[in-house]
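Chemist: Take a look at this one; I'll ask things after.
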Amino acid sequence: MEVGLWRGWVCRNLYGQMSERNSGKLRVRFAPSPTGFLHVGGARTALFNWLWARREGGTFVLRIEDTDLARSERRFAEGILEALRWLGLDWDELYYQSERLEIYRRYAQRLLDEGKAYHCFCTPEEVAARLGRNRGLEYDGHCRGLSEEERRRYLEEGRKPALRFVVPEEKKHTSFRDFLRGEISFERLTTGDFVIMKSDGTPTYNFACVIDDHEMGITHVLRAEDHISNTPKQIWIYEALGWEPPEFGHLSMILGPDRRKLSKRHGATSVEELRAQGFLPKAVVNYLATLGWSPPGGREIWEPEELIQAFSLDRVVTSPQVFDLEKLKWVNRKHLSRLSGKELFDAARPFLEWLGGEALRDEGKVIKALELVVPSISTLGELVGNPDLEVLFRPPELDGAVLEELSRPPAPEALERLLEALPDAISREGLKPLVHRVAGELGVRPREVFHPLRLALTGRGKGPELASICEVLGREEVARRIRKALELLEKGR
RNA sequence: GUCCCCGUCGUCUAGCGGUCUAGGAUCCCGGUCUUUCAAGCCGGAGGCGGGGGUUCGAAUCCCCCCGGGGACACCA
């Protein structure tokens with residue numbers, strides 16, 4: 001069957017079965033290794049699994065693959081958990097592979113007993129020496145048919161064996177069905193007898209992964225493309241253990257602007273960093289959801305709950321995606337503009353410390369201030385040191401250039417008249433008529449009154465709407481700042 | 001080197017043989033609104049990697065080429 005057809009067919013049928021059978025049947029997982037921060041590629045994989053599980057009323061399993069003692073770190077595992085929590089991707093079950101070593105050993109023993117695996121005493125160095133440094137060369141089977149004598153000698157040398165899985169030559173020509181891509185077949189997989197248990201007693205990825213996916217009842221493995229060539233190996237292990245493999249589907253990779261696998265050197269690529277920069281979690285979820293999945297109707301902005309409803313596998317594409325920070329910023333801006341005052345305050349809170357505790361005491365004022373400034377920013381990080389925001393809490397320093405501008409007519413006169421008229425008109429609606437009146441009295445255009453007022457209040461030529469600034473500052477503060485400006489002008493004369 | 005995957009505007013994508021002089025979004029450019037900047041609104045530029053087939057008809061199906069990416073560990 002052709003790929004396109006088959007894709008449509010499998011997706012539709014999958015859903016059919018799913019709802020007919022038992023809607024709680026789908027079990028998917030996300031299985032990160034805690035060797036670094038959660039990067040956006042991993043987050044996208046987690047998200048798709050989560051969306052799918054939630055959509056189908058299935059189970060989302062989180063499994064920390066920390067069998068590599070040398071590279072795994074507790075803090076990374078915690079960081080990943082925290083990042084997922086932040087994104088709102090809640091899991092139903094959580095496992096650590098490092099706590100399941102007995103299980104792997106048990107199955108490894110079984111494969112050994114059944115002659116489907118064998119001890120290998122070669123050190124990595126010896127194997128490398130025999131094969132050369134070239135990649136793509138397979139283990140030569142040196143230890144496959146070791147005699148008792150040889151075994152004993154190695155043991156006496158104090159060698160600890162690794163366990164290798166027997167891969168018959170004829171199995172290397174193989175194929176499997178990918179529920180996103182259709183049939184994937186391999187002319188000849190370049191895989192010799194591969195290690196399933198390391199000499200330190202921990203399992204390798206391909207082995208632990210199979211044992212766990214089976215033990216945890218995973219029905220569908222949805223992971224990134226870089227696992228395609230692992231899949232046949234894993235299927236062999238399922239077969240050797242007499243298990244039915246789950247269905248496999250492979251998402252594309254997420255690339256940097258240079259079309260290479262996204263990595264640290266591409267800038268902010270971990271969700272921790274995005275969080276630190278002030279992206280909203282639901283904006284990140286929204287953006288990531290549309291990387292490789294196209295929402296029906298072409299709508300761009302979605303709440304997480306809406307994504308769950310709209311998500312479907314048949315709109316997932318398998319070509320690689322470039323991570324576009326600009327688009328993420330746009331999505332973030334859209335979500336920022338949707339927040340309520342209270343939500344905005346809570347989200348912005350970590351980015352307001354620099355204003356000082358005193359400034360933050362009046363939550364109502366902070367919210368008003370944020371509502372003024374946020375439309376002009378893309379990330380909450382842009383609030384840090386933001387002059388438009390600062391000026392709402394601290395009087396501006398009027399520098400020489402500003403005073404110079406303010407000293408030019410009709411500015412001084414305009415400020416004085418505004419000050420006189422302030423007591424009766426400084427509401428949000430009242431400013432405009434007031435300015436127009438003063439402009440009329442002076443015989444100048446309104447902008448020649450607006451501009452000096454802006455300079456006196458903020459020390460800057462641009463910023464949010466003046467009336468709103470006045471409203472946030474309050475009449476007293478507005479008067480104080482105008483008076484201050486006039487004083488400085490007086491002094492400079 | 002071997003194997004695998006992928007290929008529509010710069011980027012994310014719609015597209016399942018005619019409705020495509022290829023639609024949307026972002027970015028960029030221009031205009032508009034406004035007391036300023038941004039946002040908003042309106043408009044514009046920009047693409048089916050190439051070549052062969054199949055067909056009355058191909059972005060859509062097939063083949064070759066080219067390009068990009070990935071995998072080949074006692075990492076996951």
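How things are named: the first chain in the structure tokens is A, the next is B, and so on; residues count from 1 in each chain; ligands count from 1 in the order shown.
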Residues of chain A near chain B: apply a cut-off of 8 Å, count only C-alpha atoms (C1' of nucleotides), and supply the list as a CSV table (one decimal) with all heavy atoms, in the first residue's frame.
Modeler:
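Result saved to part.csv:
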```csv
chain,number,residue,atom,x,y,z
A,4,GLY,N,1.1,7.3,1.6
A,4,GLY,CA,0.1,8.3,1.9
A,4,GLY,C,-1.2,7.6,2.3
A,4,GLY,O,-1.8,7.9,3.4
A,32,PRO,N,13.1,10.4,28.4
A,32,PRO,CA,14.3,11.2,28.3
A,32,PRO,C,15.5,10.7,29.1
A,32,PRO,O,15.2,10.0,30.1
A,32,PRO,CB,13.9,12.6,28.9
A,32,PRO,CG,12.9,12.2,29.9
A,32,PRO,CD,12.2,11.0,29.4
A,33,SER,N,16.7,10.9,28.7
A,33,SER,CA,17.8,10.6,29.5
A,33,SER,C,18.3,11.9,30.2
A,33,SER,O,18.4,12.9,29.6
A,33,SER,CB,18.9,10.0,28.7
A,33,SER,OG,19.4,10.9,27.8
A,65,GLU,N,15.5,7.6,31.7
A,65,GLU,CA,16.4,6.6,31.3
A,65,GLU,C,17.8,7.0,31.8
A,65,GLU,O,18.6,7.5,31.0
A,65,GLU,CB,16.4,6.5,29.7
A,65,GLU,CG,14.9,6.3,29.3
A,65,GLU,CD,14.8,5.3,28.2
A,65,GLU,OE1,15.7,5.2,27.3
A,65,GLU,OE2,13.8,4.5,28.2
A,68,ASP,N,22.9,5.2,32.2
A,68,ASP,CA,24.3,5.6,32.0
A,68,ASP,C,24.8,6.4,33.2
A,68,ASP,O,24.6,7.6,33.3
A,68,ASP,CB,24.4,6.5,30.7
A,68,ASP,CG,25.9,6.8,30.4
A,68,ASP,OD1,26.8,6.3,31.1
A,68,ASP,OD2,26.1,7.6,29.5
A,124,PRO,N,36.3,-2.7,25.2
A,124,PRO,CA,36.0,-1.8,24.1
A,124,PRO,C,37.3,-1.5,23.3
A,124,PRO,O,37.2,-1.4,22.0
A,124,PRO,CB,35.5,-0.6,24.8
A,124,PRO,CG,34.9,-1.1,26.0
A,124,PRO,CD,35.7,-2.2,26.5
A,135,ARG,N,33.8,3.7,11.6
A,135,ARG,CA,32.4,3.4,12.0
A,135,ARG,C,31.8,2.5,11.0
A,135,ARG,O,32.3,2.4,9.9
A,135,ARG,CB,31.6,4.7,12.1
A,135,ARG,CG,32.0,5.6,13.2
A,135,ARG,CD,30.9,6.5,13.6
A,135,ARG,NE,30.8,6.5,15.1
A,135,ARG,CZ,29.8,7.1,15.7
A,135,ARG,NH1,28.9,7.7,15.1
A,135,ARG,NH2,29.8,7.1,17.0
A,136,GLY,N,30.7,1.9,11.3
A,136,GLY,CA,30.0,1.1,10.4
A,136,GLY,C,30.6,-0.3,10.3
A,136,GLY,O,30.2,-1.1,9.5
A,162,ALA,N,30.5,-8.4,29.3
A,162,ALA,CA,29.2,-7.8,28.9
A,162,ALA,C,28.4,-8.9,28.2
A,162,ALA,O,28.9,-10.0,28.0
A,162,ALA,CB,29.6,-6.7,27.9
A,186,PHE,N,15.1,-2.2,5.5
A,186,PHE,CA,16.6,-2.0,5.5
A,186,PHE,C,17.2,-3.1,4.7
A,186,PHE,O,16.9,-4.3,4.9
A,186,PHE,CB,17.1,-2.2,7.0
A,186,PHE,CG,16.5,-1.1,7.9
A,186,PHE,CD1,15.3,-1.3,8.5
A,186,PHE,CD2,17.2,0.1,8.2
A,186,PHE,CE1,14.8,-0.4,9.4
A,186,PHE,CE2,16.7,1.0,9.0
A,186,PHE,CZ,15.4,0.8,9.6
A,187,GLU,N,18.0,-2.7,3.8
A,187,GLU,CA,18.7,-3.6,2.9
A,187,GLU,C,19.5,-4.5,3.7
A,187,GLU,O,19.5,-5.7,3.6
A,187,GLU,CB,19.5,-2.8,1.9
A,187,GLU,CG,19.5,-3.4,0.5
A,187,GLU,CD,19.9,-2.3,-0.5
A,187,GLU,OE1,19.0,-1.5,-0.9
A,187,GLU,OE2,21.1,-2.3,-0.8
A,188,ARG,N,20.4,-3.9,4.5
A,188,ARG,CA,21.2,-4.7,5.4
A,188,ARG,C,21.6,-3.8,6.5
A,188,ARG,O,22.5,-2.9,6.3
A,188,ARG,CB,22.4,-5.3,4.7
A,188,ARG,CG,23.2,-6.2,5.6
A,188,ARG,CD,24.4,-6.8,5.0
A,188,ARG,NE,25.2,-7.6,6.0
A,188,ARG,CZ,25.9,-7.1,7.0
A,188,ARG,NH1,26.0,-5.8,7.1
A,188,ARG,NH2,26.5,-7.9,7.8
A,189,LEU,N,21.1,-4.1,7.7
A,189,LEU,CA,21.4,-3.3,8.8
A,189,LEU,C,22.9,-3.6,9.3
A,189,LEU,O,23.2,-4.8,9.4
A,189,LEU,CB,20.5,-3.7,10.0
A,189,LEU,CG,19.8,-2.6,10.9
A,189,LEU,CD1,19.4,-1.4,10.1
A,189,LEU,CD2,18.7,-3.2,11.6
A,190,THR,N,23.7,-2.6,9.5
A,190,THR,CA,25.0,-2.8,9.9
A,190,THR,C,25.1,-2.9,11.4
A,190,THR,O,25.4,-2.0,12.1
A,190,THR,CB,26.0,-1.7,9.4
A,190,THR,OG1,25.4,-0.5,9.8
A,190,THR,CG2,26.1,-1.8,7.9
A,191,THR,N,24.7,-4.0,11.9
A,191,THR,CA,24.7,-4.3,13.3
A,191,THR,C,25.1,-5.7,13.6
A,191,THR,O,24.5,-6.6,13.3
A,191,THR,CB,23.2,-4.1,13.9
A,191,THR,OG1,22.7,-2.9,13.4
A,191,THR,CG2,23.2,-4.2,15.4
A,195,VAL,N,25.7,-5.2,22.3
A,195,VAL,CA,25.7,-5.3,23.8
A,195,VAL,C,24.3,-5.0,24.4
A,195,VAL,O,23.7,-4.0,24.0
A,195,VAL,CB,26.7,-4.4,24.4
A,195,VAL,CG1,26.6,-4.4,26.0
A,195,VAL,CG2,28.1,-4.9,24.0
A,197,MET,N,23.8,-5.9,28.0
A,197,MET,CA,24.1,-5.6,29.3
A,197,MET,C,25.6,-5.2,29.4
A,197,MET,O,26.4,-6.0,28.9
A,197,MET,CB,23.9,-6.8,30.3
A,197,MET,CG,22.4,-7.2,30.5
A,197,MET,SD,21.4,-5.9,31.3
A,197,MET,CE,21.8,-6.3,33.0
A,198,LYS,N,25.9,-4.1,29.9
A,198,LYS,CA,27.3,-3.6,30.0
A,198,LYS,C,28.0,-4.4,31.1
A,198,LYS,O,27.4,-5.1,31.9
A,198,LYS,CB,27.3,-2.1,30.3
A,198,LYS,CG,26.6,-1.3,29.3
A,198,LYS,CD,26.6,0.2,29.8
A,198,LYS,CE,25.2,0.8,29.6
A,198,LYS,NZ,25.1,2.1,30.3
A,199,SER,N,29.3,-4.4,31.1
A,199,SER,CA,30.1,-5.2,32.0
A,199,SER,C,29.9,-4.7,33.5
A,199,SER,O,30.1,-5.4,34.4
A,199,SER,CB,31.6,-5.2,31.7
A,199,SER,OG,32.0,-3.8,31.6
A,204,THR,N,22.0,-1.7,28.3
A,204,THR,CA,22.1,-0.6,27.3
A,204,THR,C,20.7,-0.1,26.9
A,204,THR,O,19.7,-0.7,27.3
A,204,THR,CB,22.8,-1.1,26.0
A,204,THR,OG1,22.0,-2.2,25.5
A,204,THR,CG2,24.2,-1.6,26.3
A,205,TYR,N,20.7,1.0,26.3
A,205,TYR,CA,19.4,1.6,25.9
A,205,TYR,C,18.5,0.7,25.2
A,205,TYR,O,17.3,0.6,25.6
A,205,TYR,CB,19.7,2.8,25.0
A,205,TYR,CG,18.5,3.3,24.3
A,205,TYR,CD1,17.5,4.0,25.0
A,205,TYR,CD2,18.3,3.0,22.9
A,205,TYR,CE1,16.3,4.4,24.3
A,205,TYR,CE2,17.2,3.4,22.3
A,205,TYR,CZ,16.2,4.1,23.0
A,205,TYR,OH,15.0,4.5,22.3
A,225,GLU,N,13.0,10.7,15.0
A,225,GLU,CA,13.5,10.0,13.8
A,225,GLU,C,14.9,9.3,14.1
A,225,GLU,O,15.2,8.3,13.4
A,225,GLU,CB,13.7,11.0,12.7
A,225,GLU,CG,14.1,10.5,11.4
A,225,GLU,CD,14.3,11.7,10.4
A,225,GLU,OE1,13.8,12.8,10.7
A,225,GLU,OE2,15.0,11.5,9.4
A,226,ASP,N,15.6,9.9,15.0
A,226,ASP,CA,17.0,9.3,15.2
A,226,ASP,C,16.9,7.9,15.8
A,226,ASP,O,17.9,7.2,16.0
A,226,ASP,CB,17.9,10.2,16.0
A,226,ASP,CG,17.2,10.7,17.3
A,226,ASP,OD1,16.0,10.5,17.4
A,226,ASP,OD2,17.8,11.4,18.1
A,227,HIS,N,15.7,7.4,16.1
A,227,HIS,CA,15.6,6.0,16.6
A,227,HIS,C,15.1,5.0,15.6
A,227,HIS,O,15.0,3.9,15.9
A,227,HIS,CB,14.6,6.0,17.8
A,227,HIS,CG,15.1,6.7,19.0
A,227,HIS,ND1,16.1,6.1,19.7
A,227,HIS,CD2,14.7,7.8,19.7
A,227,HIS,CE1,16.4,6.9,20.8
A,227,HIS,NE2,15.6,7.9,20.8
A,228,ILE,N,15.0,5.5,14.4
A,228,ILE,CA,14.5,4.6,13.3
A,228,ILE,C,15.4,3.3,13.2
A,228,ILE,O,14.9,2.2,13.2
A,228,ILE,CB,14.4,5.3,12.0
A,228,ILE,CG1,13.2,6.3,12.0
A,228,ILE,CG2,14.2,4.3,10.8
A,228,ILE,CD1,13.0,7.0,10.7
A,229,SER,N,16.7,3.5,13.2
A,229,SER,CA,17.6,2.4,13.0
A,229,SER,C,17.7,1.5,14.3
A,229,SER,O,18.3,0.5,14.2
A,229,SER,CB,18.9,2.8,12.5
A,229,SER,OG,19.5,3.8,13.3
A,259,ARG,N,19.9,24.3,9.5
A,259,ARG,CA,19.4,23.0,9.1
A,259,ARG,C,20.2,21.8,9.7
A,259,ARG,O,20.2,20.7,9.1
A,259,ARG,CB,19.3,22.8,7.6
A,259,ARG,CG,18.4,23.9,7.0
A,259,ARG,CD,17.8,23.4,5.7
A,259,ARG,NE,16.3,23.7,5.7
A,259,ARG,CZ,15.4,22.9,6.0
A,259,ARG,NH1,15.7,21.6,6.3
A,259,ARG,NH2,14.1,23.2,6.1
A,260,ARG,N,20.9,22.0,10.8
A,260,ARG,CA,21.5,20.9,11.5
A,260,ARG,C,20.8,20.7,12.7
A,260,ARG,O,20.1,21.6,13.2
A,260,ARG,CB,23.0,21.3,11.8
A,260,ARG,CG,23.8,21.4,10.5
A,260,ARG,CD,25.3,21.5,10.7
A,260,ARG,NE,25.9,21.2,9.5
A,260,ARG,CZ,26.2,19.9,9.1
A,260,ARG,NH1,26.0,18.9,9.8
A,260,ARG,NH2,26.8,19.7,7.9
A,261,LYS,N,20.9,19.5,13.2
A,261,LYS,CA,20.3,19.1,14.5
A,261,LYS,C,20.4,20.2,15.5
A,261,LYS,O,21.5,20.7,15.8
A,261,LYS,CB,20.9,17.8,15.0
A,261,LYS,CG,20.1,17.1,16.0
A,261,LYS,CD,20.8,15.7,16.3
A,261,LYS,CE,20.2,15.0,17.5
A,261,LYS,NZ,20.8,13.7,17.7
A,290,THR,N,2.6,23.1,16.8
A,290,THR,CA,2.5,23.4,15.3
A,290,THR,C,3.8,23.1,14.6
A,290,THR,O,3.9,23.4,13.4
A,290,THR,CB,2.1,24.9,15.1
A,290,THR,OG1,3.1,25.7,15.6
A,290,THR,CG2,0.8,25.2,15.7
A,291,LEU,N,4.8,22.6,15.3
A,291,LEU,CA,6.0,22.2,14.6
A,291,LEU,C,5.9,20.7,14.2
A,291,LEU,O,6.2,19.9,15.0
A,291,LEU,CB,7.2,22.4,15.5
A,291,LEU,CG,8.1,23.6,15.4
A,291,LEU,CD1,9.4,23.3,16.1
A,291,LEU,CD2,8.4,23.9,13.9
A,294,SER,N,-0.1,20.2,11.9
A,294,SER,CA,-0.8,21.4,11.4
A,294,SER,C,-2.3,21.3,11.9
A,294,SER,O,-3.0,20.4,11.7
A,294,SER,CB,-0.8,21.4,9.9
A,294,SER,OG,-1.5,20.4,9.3
A,298,GLY,N,-6.2,26.0,10.0
A,298,GLY,CA,-5.1,26.9,9.9
A,298,GLY,C,-5.1,27.9,11.1
A,298,GLY,O,-4.4,28.9,11.0
A,300,GLU,N,-3.9,29.6,14.4
A,300,GLU,CA,-2.6,29.7,14.9
A,300,GLU,C,-2.5,29.6,16.4
A,300,GLU,O,-1.5,29.1,17.0
A,300,GLU,CB,-1.9,30.9,14.4
A,300,GLU,CG,-1.8,31.1,12.9
A,300,GLU,CD,-0.6,30.3,12.3
A,300,GLU,OE1,0.3,30.0,13.1
A,300,GLU,OE2,-0.6,30.0,11.1
A,318,THR,N,6.3,14.3,8.5
A,318,THR,CA,7.5,13.7,8.9
A,318,THR,C,8.8,14.3,8.3
A,318,THR,O,9.9,13.8,8.5
A,318,THR,CB,7.5,12.2,8.4
A,318,THR,OG1,7.2,12.2,7.0
A,318,THR,CG2,6.5,11.4,9.2
A,319,SER,N,8.6,15.5,7.7
A,319,SER,CA,9.8,16.2,7.2
A,319,SER,C,10.3,17.1,8.4
A,319,SER,O,9.6,17.5,9.3
A,319,SER,CB,9.4,17.1,6.0
A,319,SER,OG,8.3,17.9,6.3
A,320,PRO,N,11.6,17.3,8.4
A,320,PRO,CA,12.2,18.0,9.5
A,320,PRO,C,11.8,19.5,9.6
A,320,PRO,O,11.5,20.1,8.6
A,320,PRO,CB,13.7,17.8,9.3
A,320,PRO,CG,13.9,17.5,7.9
A,320,PRO,CD,12.6,16.8,7.4
A,321,GLN,N,11.8,20.0,10.8
A,321,GLN,CA,11.4,21.4,11.0
A,321,GLN,C,12.6,22.2,11.6
A,321,GLN,O,13.3,21.8,12.4
A,321,GLN,CB,10.3,21.5,12.0
A,321,GLN,CG,8.9,21.0,11.5
A,321,GLN,CD,8.9,19.5,11.6
A,321,GLN,OE1,9.4,18.9,12.5
A,321,GLN,NE2,8.2,18.9,10.6
A,322,VAL,N,12.6,23.5,11.1
A,322,VAL,CA,13.6,24.4,11.6
A,322,VAL,C,12.9,25.2,12.8
A,322,VAL,O,11.8,25.7,12.6
A,322,VAL,CB,14.0,25.4,10.6
A,322,VAL,CG1,14.9,26.5,11.2
A,322,VAL,CG2,14.8,24.7,9.5
A,324,ASP,N,12.0,28.1,14.8
A,324,ASP,CA,12.0,29.6,14.5
A,324,ASP,C,11.6,30.4,15.7
A,324,ASP,O,10.5,30.5,16.0
A,324,ASP,CB,11.1,29.8,13.3
A,324,ASP,CG,11.0,31.2,12.8
A,324,ASP,OD1,11.8,32.0,13.3
A,324,ASP,OD2,10.2,31.5,12.0
A,326,GLU,N,11.6,33.5,16.1
A,326,GLU,CA,10.8,34.7,15.7
A,326,GLU,C,9.3,34.3,15.8
A,326,GLU,O,8.5,35.1,16.3
A,326,GLU,CB,11.1,35.2,14.3
A,326,GLU,CG,12.5,35.9,14.3
A,326,GLU,CD,12.6,37.0,15.4
A,326,GLU,OE1,11.7,37.8,15.5
A,326,GLU,OE2,13.7,37.0,16.1
A,327,LYS,N,9.0,33.2,15.2
A,327,LYS,CA,7.6,32.7,15.2
A,327,LYS,C,7.1,32.5,16.7
A,327,LYS,O,6.0,32.8,17.1
A,327,LYS,CB,7.4,31.5,14.4
A,327,LYS,CG,6.0,31.0,14.3
A,327,LYS,CD,5.2,31.6,13.1
A,327,LYS,CE,3.8,31.1,13.1
A,327,LYS,NZ,3.4,30.4,11.8
A,330,TRP,N,6.2,35.6,18.3
A,330,TRP,CA,4.9,36.1,17.8
A,330,TRP,C,3.8,35.4,18.6
A,330,TRP,O,2.8,36.0,19.1
A,330,TRP,CB,4.8,35.9,16.3
A,330,TRP,CG,3.4,36.3,15.8
A,330,TRP,CD1,3.0,37.6,15.5
A,330,TRP,CD2,2.3,35.4,15.5
A,330,TRP,NE1,1.7,37.5,15.1
A,330,TRP,CE2,1.3,36.2,15.0
A,330,TRP,CE3,2.2,34.0,15.5
A,330,TRP,CZ2,0.0,35.7,14.6
A,330,TRP,CZ3,0.9,33.5,15.1
A,330,TRP,CH2,-0.1,34.3,14.7
A,375,PRO,N,2.0,45.1,25.6
A,375,PRO,CA,1.8,45.0,24.1
A,375,PRO,C,3.0,45.3,23.3
A,375,PRO,O,3.0,44.9,22.1
A,375,PRO,CB,0.7,46.1,23.9
A,375,PRO,CG,0.0,46.2,25.2
A,375,PRO,CD,1.1,46.0,26.3
A,376,SER,N,4.0,45.9,23.8
A,376,SER,CA,5.2,46.2,23.0
A,376,SER,C,6.3,45.2,23.2
A,376,SER,O,7.4,45.5,22.6
A,376,SER,CB,5.6,47.6,23.3
A,376,SER,OG,6.1,47.7,24.6
A,377,ILE,N,6.1,44.2,23.9
A,377,ILE,CA,7.2,43.2,24.1
A,377,ILE,C,6.8,41.8,23.6
A,377,ILE,O,5.6,41.5,23.4
A,377,ILE,CB,7.6,43.1,25.6
A,377,ILE,CG1,6.4,42.6,26.4
A,377,ILE,CG2,8.1,44.4,26.1
A,377,ILE,CD1,6.8,42.3,27.9
A,446,PRO,N,-1.7,70.1,19.1
A,446,PRO,CA,-1.8,69.3,20.3
A,446,PRO,C,-0.5,68.5,20.6
A,446,PRO,O,-0.1,68.4,21.7
A,446,PRO,CB,-2.9,68.3,20.0
A,446,PRO,CG,-3.8,69.0,19.1
A,446,PRO,CD,-2.9,69.9,18.2
A,447,ARG,N,0.2,68.1,19.5
A,447,ARG,CA,1.4,67.3,19.7
A,447,ARG,C,2.5,68.1,20.4
A,447,ARG,O,3.4,67.6,21.0
A,447,ARG,CB,1.9,66.7,18.4
A,447,ARG,CG,2.4,67.8,17.4
A,447,ARG,CD,2.6,67.2,16.0
A,447,ARG,NE,3.4,66.0,16.1
A,447,ARG,CZ,3.3,65.0,15.2
A,447,ARG,NH1,2.5,65.2,14.2
A,447,ARG,NH2,4.1,64.0,15.2
A,450,PHE,N,1.5,67.5,24.0
A,450,PHE,CA,1.6,66.1,24.3
A,450,PHE,C,3.1,65.8,24.5
A,450,PHE,O,3.5,65.1,25.5
A,450,PHE,CB,1.1,65.2,23.2
A,450,PHE,CG,-0.4,64.9,23.4
A,450,PHE,CD1,-1.3,65.3,22.5
A,450,PHE,CD2,-0.8,64.2,24.5
A,450,PHE,CE1,-2.7,65.0,22.6
A,450,PHE,CE2,-2.2,63.9,24.7
A,450,PHE,CZ,-3.1,64.3,23.7
A,451,HIS,N,3.9,66.2,23.6
A,451,HIS,CA,5.3,65.8,23.6
A,451,HIS,C,6.1,66.3,24.9
A,451,HIS,O,6.7,65.5,25.5
A,451,HIS,CB,6.0,66.2,22.3
A,451,HIS,CG,7.4,65.6,22.2
A,451,HIS,ND1,7.5,64.3,22.0
A,451,HIS,CD2,8.6,66.2,22.1
A,451,HIS,CE1,8.8,64.0,21.9
A,451,HIS,NE2,9.5,65.1,22.0
A,461,GLY,N,11.0,60.2,24.6
A,461,GLY,CA,10.2,60.7,23.5
A,461,GLY,C,9.1,59.7,23.0
A,461,GLY,O,8.2,60.0,22.2
A,462,LYS,N,9.3,58.4,23.4
A,462,LYS,CA,8.3,57.4,23.0
A,462,LYS,C,7.9,56.6,24.2
A,462,LYS,O,8.5,56.6,25.2
A,462,LYS,CB,8.9,56.6,21.9
A,462,LYS,CG,10.2,55.9,22.3
A,462,LYS,CD,10.8,55.1,21.2
A,462,LYS,CE,12.0,54.3,21.7
A,462,LYS,NZ,12.5,53.4,20.7
A,463,GLY,N,6.8,55.8,24.0
A,463,GLY,CA,6.3,55.0,25.0
A,463,GLY,C,4.8,54.8,24.9
A,463,GLY,O,4.3,55.2,23.8
A,464,PRO,N,4.2,54.2,25.9
A,464,PRO,CA,2.8,53.9,25.8
A,464,PRO,C,2.0,55.2,25.7
A,464,PRO,O,2.5,56.3,25.9
A,464,PRO,CB,2.5,53.1,27.1
A,464,PRO,CG,3.8,52.6,27.5
A,464,PRO,CD,4.8,53.6,27.1
A,466,LEU,N,-0.1,58.3,26.5
A,466,LEU,CA,0.2,59.2,27.6
A,466,LEU,C,-1.0,59.2,28.7
A,466,LEU,O,-0.7,59.2,29.9
A,466,LEU,CB,0.3,60.6,27.1
A,466,LEU,CG,1.7,61.2,27.2
A,466,LEU,CD1,1.7,62.7,26.8
A,466,LEU,CD2,2.4,61.0,28.5
```
Chemist: With a cut-off of 12 Å, could you pull out the residues of region 22-132 of chain A touching region 248-257 of chain A and give me the nearest pair of atoms for each, distance in Å to one decimal, using only C-alpha atoms, ordered by chain and ascending number, as a Markdown table?
Modeler:
```
| residue | atom | partner | partner_atom | distance |
| --- | --- | --- | --- | --- |
| A:Val28 | CA | A:Phe248 | CA | 10.5 |
| A:Arg29 | CA | A:Phe248 | CA | 11.8 |
| A:His39 | CA | A:Ile254 | CA | 10.0 |
| A:Val40 | CA | A:Ile254 | CA | 7.9 |
| A:Gly41 | CA | A:Ile254 | CA | 5.7 |
| A:Gly42 | CA | A:Ile254 | CA | 9.3 |
| A:Ala43 | CA | A:Ile254 | CA | 10.6 |
| A:Arg44 | CA | A:Ile254 | CA | 8.8 |
| A:Thr45 | CA | A:Leu251 | CA | 7.5 |
| A:Ala46 | CA | A:Leu251 | CA | 11.1 |
| A:Leu47 | CA | A:Leu251 | CA | 11.7 |
| A:Phe48 | CA | A:Leu251 | CA | 9.3 |
| A:Asn49 | CA | A:Leu251 | CA | 10.7 |
```
Chemist: Quick one: pick out all alpha helix (DSSP H) residues within region 237-354 of chain A from a backbone DSSP run and write them as number ranges by chain.
Modeler: A: 237-241, 271-277, 281-289, 304-310, 325-338, 341-348
Chemist: Mind giving me the straight-line distance from CA of Glu382 (chain A) to CA of Ala83 (chain A) in Å, one decimal?
Modeler: 21.2 Å
Chemist: Using only C-alpha atoms (C1' of nucleotides), which residues sit within 7 Å of Asp66 (chain A) once same-chain residues fewer than 2 positions away are excluded, as a short mmCIF file (atom, residue, chain, number, x, y, z; two decimals) with N, CA and C atoms, in the first residue's frame?
Modeler:
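The result, stored in selection-v1.cif:
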```cif
data_model
loop_
_atom_site.label_atom_id
_atom_site.label_comp_id
_atom_site.auth_asym_id
_atom_site.auth_seq_id
_atom_site.Cartn_x
_atom_site.Cartn_y
_atom_site.Cartn_z
N SER A 33 16.68 10.95 28.69
CA SER A 33 17.82 10.58 29.52
C SER A 33 18.31 11.86 30.19
N PRO A 34 18.55 11.79 31.48
CA PRO A 34 18.89 13.00 32.24
C PRO A 34 20.36 13.37 32.11
N ILE A 64 12.45 7.95 33.16
CA ILE A 64 13.77 8.56 33.14
C ILE A 64 14.80 7.49 32.83
N ASP A 68 22.92 5.22 32.19
CA ASP A 68 24.31 5.60 31.96
C ASP A 68 24.80 6.35 33.19
N LEU A 69 25.42 5.58 34.09
CA LEU A 69 25.83 6.15 35.36
C LEU A 69 26.78 7.33 35.19
N SER A 72 24.49 10.43 33.54
CA SER A 72 23.22 10.85 34.13
C SER A 72 23.44 11.63 35.41
N TYR A 96 12.02 5.33 37.06
CA TYR A 96 13.46 5.56 36.87
C TYR A 96 14.09 4.22 36.53
N GLN A 97 14.78 4.17 35.42
CA GLN A 97 15.40 2.89 35.03
C GLN A 97 16.44 2.44 36.06
N SER A 98 17.07 3.39 36.69
CA SER A 98 18.12 3.00 37.65
C SER A 98 17.53 2.22 38.83
#
```
Chemist: Name all residues at most 12 Å from region 305-307 of chain A (count only C-alpha atoms (C1' of nucleotides); drop same-chain ones fewer than 6 positions away) and give them as number ranges by chain.
Modeler: A: 47-48, 50-52, 54-55, 88-89, 282-283, 285-290, 293-296, 299
